[in-house]
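Data block for target_15.pdb (PDB, C-alpha atoms):
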```pdb
ATOM      1  CA  MET A   1      59.685 -46.617  57.559  1.00  0.00           C
ATOM      2  CA  VAL A   2      61.699 -45.007  54.759  1.00  0.00           C
ATOM      3  CA  ASN A   3      64.734 -42.917  55.602  1.00  0.00           C
ATOM      4  CA  THR A   4      63.867 -39.741  53.649  1.00  0.00           C
ATOM      5  CA  SER A   5      67.248 -38.059  54.187  1.00  0.00           C
ATOM      6  CA  PHE A   6      68.960 -40.952  52.379  1.00  0.00           C
ATOM      7  CA  PHE A   7      66.431 -40.632  49.550  1.00  0.00           C
ATOM      8  CA  VAL A   8      66.951 -36.856  49.257  1.00  0.00           C
ATOM      9  CA  LEU A   9      70.746 -37.266  49.228  1.00  0.00           C
ATOM     10  CA  GLY A  10      70.418 -39.907  46.520  1.00  0.00           C
ATOM     11  CA  ILE A  11      68.322 -37.595  44.353  1.00  0.00           C
ATOM     12  CA  ALA A  12      70.795 -34.730  44.873  1.00  0.00           C
ATOM     13  CA  PHE A  13      73.681 -36.994  43.837  1.00  0.00           C
ATOM     14  CA  LEU A  14      71.897 -38.076  40.659  1.00  0.00           C
ATOM     15  CA  ALA A  15      71.036 -34.484  39.749  1.00  0.00           C
ATOM     16  CA  GLN A  16      74.661 -33.424  40.221  1.00  0.00           C
ATOM     17  CA  THR A  17      75.976 -36.180  37.993  1.00  0.00           C
ATOM     18  CA  ALA A  18      73.482 -35.235  35.252  1.00  0.00           C
ATOM     19  CA  LEU A  19      71.768 -38.611  35.197  1.00  0.00           C
ATOM     20  CA  CYS A  20      68.106 -38.922  34.473  1.00  0.00           C
ATOM     21  CA  LEU A  21      66.040 -40.615  37.174  1.00  0.00           C
ATOM     22  CA  ASP A  22      62.625 -41.645  35.958  1.00  0.00           C
ATOM     23  CA  PHE A  23      59.855 -43.030  38.156  1.00  0.00           C
ATOM     24  CA  ALA A  24      57.631 -44.881  35.714  1.00  0.00           C
ATOM     25  CA  GLY A  25      53.941 -44.682  36.418  1.00  0.00           C
ATOM     26  CA  ASP A  26      51.478 -47.508  36.173  1.00  0.00           C
ATOM     27  CA  ILE A  27      49.339 -46.000  33.404  1.00  0.00           C
ATOM     28  CA  GLY A  28      49.674 -45.708  29.661  1.00  0.00           C
ATOM     29  CA  PHE A  29      51.687 -48.860  29.032  1.00  0.00           C
ATOM     30  CA  GLY A  30      50.709 -50.988  26.110  1.00  0.00           C
ATOM     31  CA  GLY A  31      52.083 -51.928  22.757  1.00  0.00           C
ATOM     32  CA  GLY A  32      52.545 -55.615  22.390  1.00  0.00           C
ATOM     33  CA  ILE A  33      53.683 -57.778  19.536  1.00  0.00           C
ATOM     34  CA  GLY A  34      54.272 -55.814  16.349  1.00  0.00           C
ATOM     35  CA  GLY A  35      54.032 -52.340  17.840  1.00  0.00           C
ATOM     36  CA  PRO A  36      55.982 -50.033  20.109  1.00  0.00           C
ATOM     37  CA  ALA A  37      55.029 -49.861  23.771  1.00  0.00           C
ATOM     38  CA  THR A  38      53.599 -46.582  24.986  1.00  0.00           C
ATOM     39  CA  HIS A  39      54.880 -44.704  28.006  1.00  0.00           C
ATOM     40  CA  PRO A  40      53.486 -41.617  29.796  1.00  0.00           C
ATOM     41  CA  ASP A  41      56.358 -39.567  28.288  1.00  0.00           C
ATOM     42  CA  GLY A  42      56.500 -41.006  24.754  1.00  0.00           C
ATOM     43  CA  VAL A  43      56.864 -44.227  22.766  1.00  0.00           C
ATOM     44  CA  ILE A  44      59.362 -47.015  23.422  1.00  0.00           C
ATOM     45  CA  HIS A  45      61.362 -48.293  20.431  1.00  0.00           C
ATOM     46  CA  GLY A  46      63.666 -51.155  21.402  1.00  0.00           C
ATOM     47  CA  ASP A  47      65.580 -49.995  24.485  1.00  0.00           C
ATOM     48  CA  THR A  48      64.859 -46.262  23.927  1.00  0.00           C
ATOM     49  CA  LEU A  49      62.025 -44.044  25.147  1.00  0.00           C
ATOM     50  CA  VAL A  50      61.420 -41.578  22.303  1.00  0.00           C
ATOM     51  CA  VAL A  51      60.003 -38.339  23.731  1.00  0.00           C
ATOM     52  CA  ASP A  52      60.873 -36.204  20.695  1.00  0.00           C
ATOM     53  CA  ASN A  53      61.478 -37.539  17.182  1.00  0.00           C
ATOM     54  CA  CYS A  54      65.074 -36.325  16.833  1.00  0.00           C
ATOM     55  CA  ASP A  55      68.605 -37.517  16.039  1.00  0.00           C
ATOM     56  CA  PRO A  56      71.374 -37.030  18.658  1.00  0.00           C
ATOM     57  CA  ASN A  57      73.974 -36.953  15.859  1.00  0.00           C
ATOM     58  CA  ASP A  58      72.223 -34.038  14.078  1.00  0.00           C
ATOM     59  CA  LEU A  59      72.476 -30.683  15.914  1.00  0.00           C
ATOM     60  CA  ASN A  60      69.648 -29.278  13.769  1.00  0.00           C
ATOM     61  CA  SER A  61      67.028 -31.978  14.452  1.00  0.00           C
ATOM     62  CA  CYS A  62      65.379 -30.061  17.332  1.00  0.00           C
ATOM     63  CA  GLY A  63      65.342 -26.503  16.012  1.00  0.00           C
ATOM     64  CA  ASP A  64      66.950 -23.296  17.268  1.00  0.00           C
ATOM     65  CA  GLY A  65      68.428 -23.286  20.755  1.00  0.00           C
ATOM     66  CA  LYS A  66      67.976 -27.041  21.327  1.00  0.00           C
ATOM     67  CA  CYS A  67      69.720 -30.307  20.586  1.00  0.00           C
ATOM     68  CA  CYS A  68      68.756 -33.970  20.728  1.00  0.00           C
ATOM     69  CA  VAL A  69      70.204 -35.958  23.640  1.00  0.00           C
ATOM     70  CA  LYS A  70      70.232 -39.675  24.433  1.00  0.00           C
ATOM     71  CA  GLU A  71      70.180 -39.933  28.225  1.00  0.00           C
ATOM     72  CA  GLY A  72      70.755 -43.078  30.260  1.00  0.00           C
ATOM     73  CA  MET A  73      67.774 -43.986  32.447  1.00  0.00           C
ATOM     74  CA  MET A  74      67.714 -45.337  36.008  1.00  0.00           C
ATOM     75  CA  TYR A  75      64.747 -46.760  37.892  1.00  0.00           C
ATOM     76  CA  ILE A  76      63.835 -47.717  41.401  1.00  0.00           C
ATOM     77  CA  PRO A  77      63.444 -51.516  41.614  1.00  0.00           C
ATOM     78  CA  GLU A  78      59.707 -51.208  42.320  1.00  0.00           C
ATOM     79  CA  ALA A  79      58.989 -49.161  39.166  1.00  0.00           C
ATOM     80  CA  PRO A  80      56.196 -50.885  37.209  1.00  0.00           C
ATOM     81  CA  GLY A  81      55.977 -51.273  33.467  1.00  0.00           C
ATOM     82  CA  PRO A  82      58.664 -51.115  30.800  1.00  0.00           C
ATOM     83  CA  LYS A  83      62.064 -49.731  31.762  1.00  0.00           C
ATOM     84  CA  PRO A  84      63.846 -48.466  28.638  1.00  0.00           C
ATOM     85  CA  ALA A  85      67.595 -47.956  29.025  1.00  0.00           C
ATOM     86  CA  TYR A  86      67.648 -44.594  27.202  1.00  0.00           C
ATOM     87  CA  ARG A  87      65.529 -41.473  26.704  1.00  0.00           C
ATOM     88  CA  LEU A  88      65.697 -39.511  23.434  1.00  0.00           C
ATOM     89  CA  SER A  89      64.531 -35.888  23.725  1.00  0.00           C
ATOM     90  CA  CYS A  90      65.203 -32.279  22.737  1.00  0.00           C
ATOM     91  CA  ARG A  91      66.963 -30.231  25.419  1.00  0.00           C
ATOM     92  CA  PRO A  92      68.121 -26.591  25.564  1.00  0.00           C
ATOM     93  CA  MET A  93      71.681 -25.813  24.477  1.00  0.00           C
ATOM     94  CA  ALA A  94      74.078 -25.047  27.350  1.00  0.00           C
ATOM     95  CA  MET A  95      74.246 -21.335  28.207  1.00  0.00           C
ATOM     96  CA  GLU A  96      77.074 -19.362  29.834  1.00  0.00           C
ATOM     97  CA  GLY A  97      78.111 -20.929  33.145  1.00  0.00           C
ATOM     98  CA  HIS A  98      76.292 -24.208  32.441  1.00  0.00           C
ATOM     99  CA  PHE A  99      78.000 -27.585  32.815  1.00  0.00           C
ATOM    100  CA  CYS A 100      79.431 -28.969  29.544  1.00  0.00           C
ATOM    101  CA  MET A 101      81.740 -31.583  28.058  1.00  0.00           C
ATOM    102  CA  ALA A 102      84.681 -30.576  25.859  1.00  0.00           C
ATOM    103  CA  THR A 103      84.351 -33.749  23.781  1.00  0.00           C
ATOM    104  CA  LYS A 104      81.375 -34.395  21.482  1.00  0.00           C
ATOM    105  CA  THR A 105      78.734 -36.459  23.226  1.00  0.00           C
ATOM    106  CA  THR A 106      75.136 -37.509  22.590  1.00  0.00           C
ATOM    107  CA  GLU A 107      74.312 -37.367  26.314  1.00  0.00           C
ATOM    108  CA  MET A 108      74.176 -33.569  26.662  1.00  0.00           C
ATOM    109  CA  CYS A 109      73.880 -30.459  24.514  1.00  0.00           C
ATOM    110  CA  PRO A 110      76.971 -28.434  23.653  1.00  0.00           C
ATOM    111  CA  CYS A 111      77.392 -24.752  24.491  1.00  0.00           C
ATOM    112  CA  VAL A 112      75.394 -22.269  22.397  1.00  0.00           C
ATOM    113  CA  THR A 113      77.135 -20.625  19.437  1.00  0.00           C
ATOM    114  CA  GLY A 114      79.718 -18.101  20.637  1.00  0.00           C
ATOM    115  CA  LEU A 115      80.564 -19.985  23.844  1.00  0.00           C
ATOM    116  CA  THR A 116      83.204 -22.645  24.392  1.00  0.00           C
ATOM    117  CA  CYS A 117      83.492 -25.364  26.990  1.00  0.00           C
ATOM    118  CA  LYS A 118      86.414 -24.476  29.251  1.00  0.00           C
ATOM    119  CA  THR A 119      87.420 -27.600  31.107  1.00  0.00           C
ATOM    120  CA  THR A 120      88.220 -27.722  34.790  1.00  0.00           C
ATOM    121  CA  LEU A 121      88.582 -31.473  35.257  1.00  0.00           C
ATOM    122  CA  GLY A 122      89.390 -33.720  32.311  1.00  0.00           C
ATOM    123  CA  SER A 123      86.592 -33.408  29.741  1.00  0.00           C
ATOM    124  CA  PHE A 124      84.186 -31.619  32.115  1.00  0.00           C
ATOM    125  CA  GLY A 125      83.823 -27.860  32.283  1.00  0.00           C
ATOM    126  CA  HIS A 126      81.513 -24.842  31.979  1.00  0.00           C
ATOM    127  CA  CYS A 127      80.426 -22.738  29.001  1.00  0.00           C
ATOM    128  CA  HIS A 128      82.271 -19.401  28.739  1.00  0.00           C
ATOM    129  CA  GLN A 129      82.958 -16.687  26.125  1.00  0.00           C
TER     130      GLN A 129
END
```

Produce structure tokens that represent the structure in this file.
Amino acid sequence: MVNTSFFVLGIAFLAQTALCLDFAGDIGFGGGIGGPATHPDGVIHGDTLVVDNCDPNDLNSCGDGKCCVKEGMMYIPEAPGPKPAYRLSCRPMAMEGHFCMATKTTEMCPCVTGLTCKTTLGSFGHCHQ
């Protein structure tokens, strides 16, 4: 029997620390020698799941109001199929009151134009005018 309260607390902790938890399914895997493996969410290149073809070092690679992020992935031990270490995808820019980092990072989008990241603890803060 699985202790669901422990599971729920674990998920809440991961969401609060802005980590990406991915439960890989058992369909859509493939690839093989000479080609990238497929995944239900995109294509795997090396150790990265590419959901959107973007560049985390180019703020304009996703279009208006979005940026490209390279998120670290975590899996449950029983997750089948490939387990890429990173996920590359377009995410919305941080709006007023959203969590942000004062230093440039490829793991999360910066605040939208006109807002700044006011820190409260080291490099971590919230977007404000």

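Minimum atom-to-atom distances from A:Met73, A:Ala85, A:Ala94, A:Cys68 to Leu115 (chain A) were compared using all atoms listed in the file, and the lowest value belongs to A:Ala94.
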
Using all atoms listed in the file, determine which residues lie at most 8 Å from region 99-105 of chain A, disregarding the query and same-chain residues fewer than 4 positions distant; provide the list as a PDB file with C-alpha atoms, in the frame of the given file.
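Just written: result_2.pdb:
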```
ATOM      1  CA  ALA A  94      74.078 -25.047  27.350  1.00  0.00           C
ATOM      2  CA  CYS A 109      73.880 -30.459  24.514  1.00  0.00           C
ATOM      3  CA  PRO A 110      76.971 -28.434  23.653  1.00  0.00           C
ATOM      4  CA  CYS A 111      77.392 -24.752  24.491  1.00  0.00           C
ATOM      5  CA  CYS A 117      83.492 -25.364  26.990  1.00  0.00           C
ATOM      6  CA  LYS A 118      86.414 -24.476  29.251  1.00  0.00           C
ATOM      7  CA  THR A 119      87.420 -27.600  31.107  1.00  0.00           C
ATOM      8  CA  SER A 123      86.592 -33.408  29.741  1.00  0.00           C
ATOM      9  CA  PHE A 124      84.186 -31.619  32.115  1.00  0.00           C
ATOM     10  CA  GLY A 125      83.823 -27.860  32.283  1.00  0.00           C
ATOM     11  CA  HIS A 126      81.513 -24.842  31.979  1.00  0.00           C
ATOM     12  CA  CYS A 127      80.426 -22.738  29.001  1.00  0.00           C
TER      13      CYS A 127
END
```

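Distance annotation: of A:Leu88, A:Met93, A:Ile76, A:Cys67, the residue with the minimal separation from Val43 (chain A) is A:Leu88; atom set is only C-alpha atoms.
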
(request) Run the PyMOL selection byres ((chain A and resi 70) around 12) against the file shown and list the residues it catches, as an NGL selection string. (result) :A and (19-20 or 47-58 or 67-69 or 71-73 or 84-91 or 105-109)

(message) One number please: CA of His128 (chain A) to CA of Glu96 (chain A), in Å, one decimal.
(response) 5.3 Å
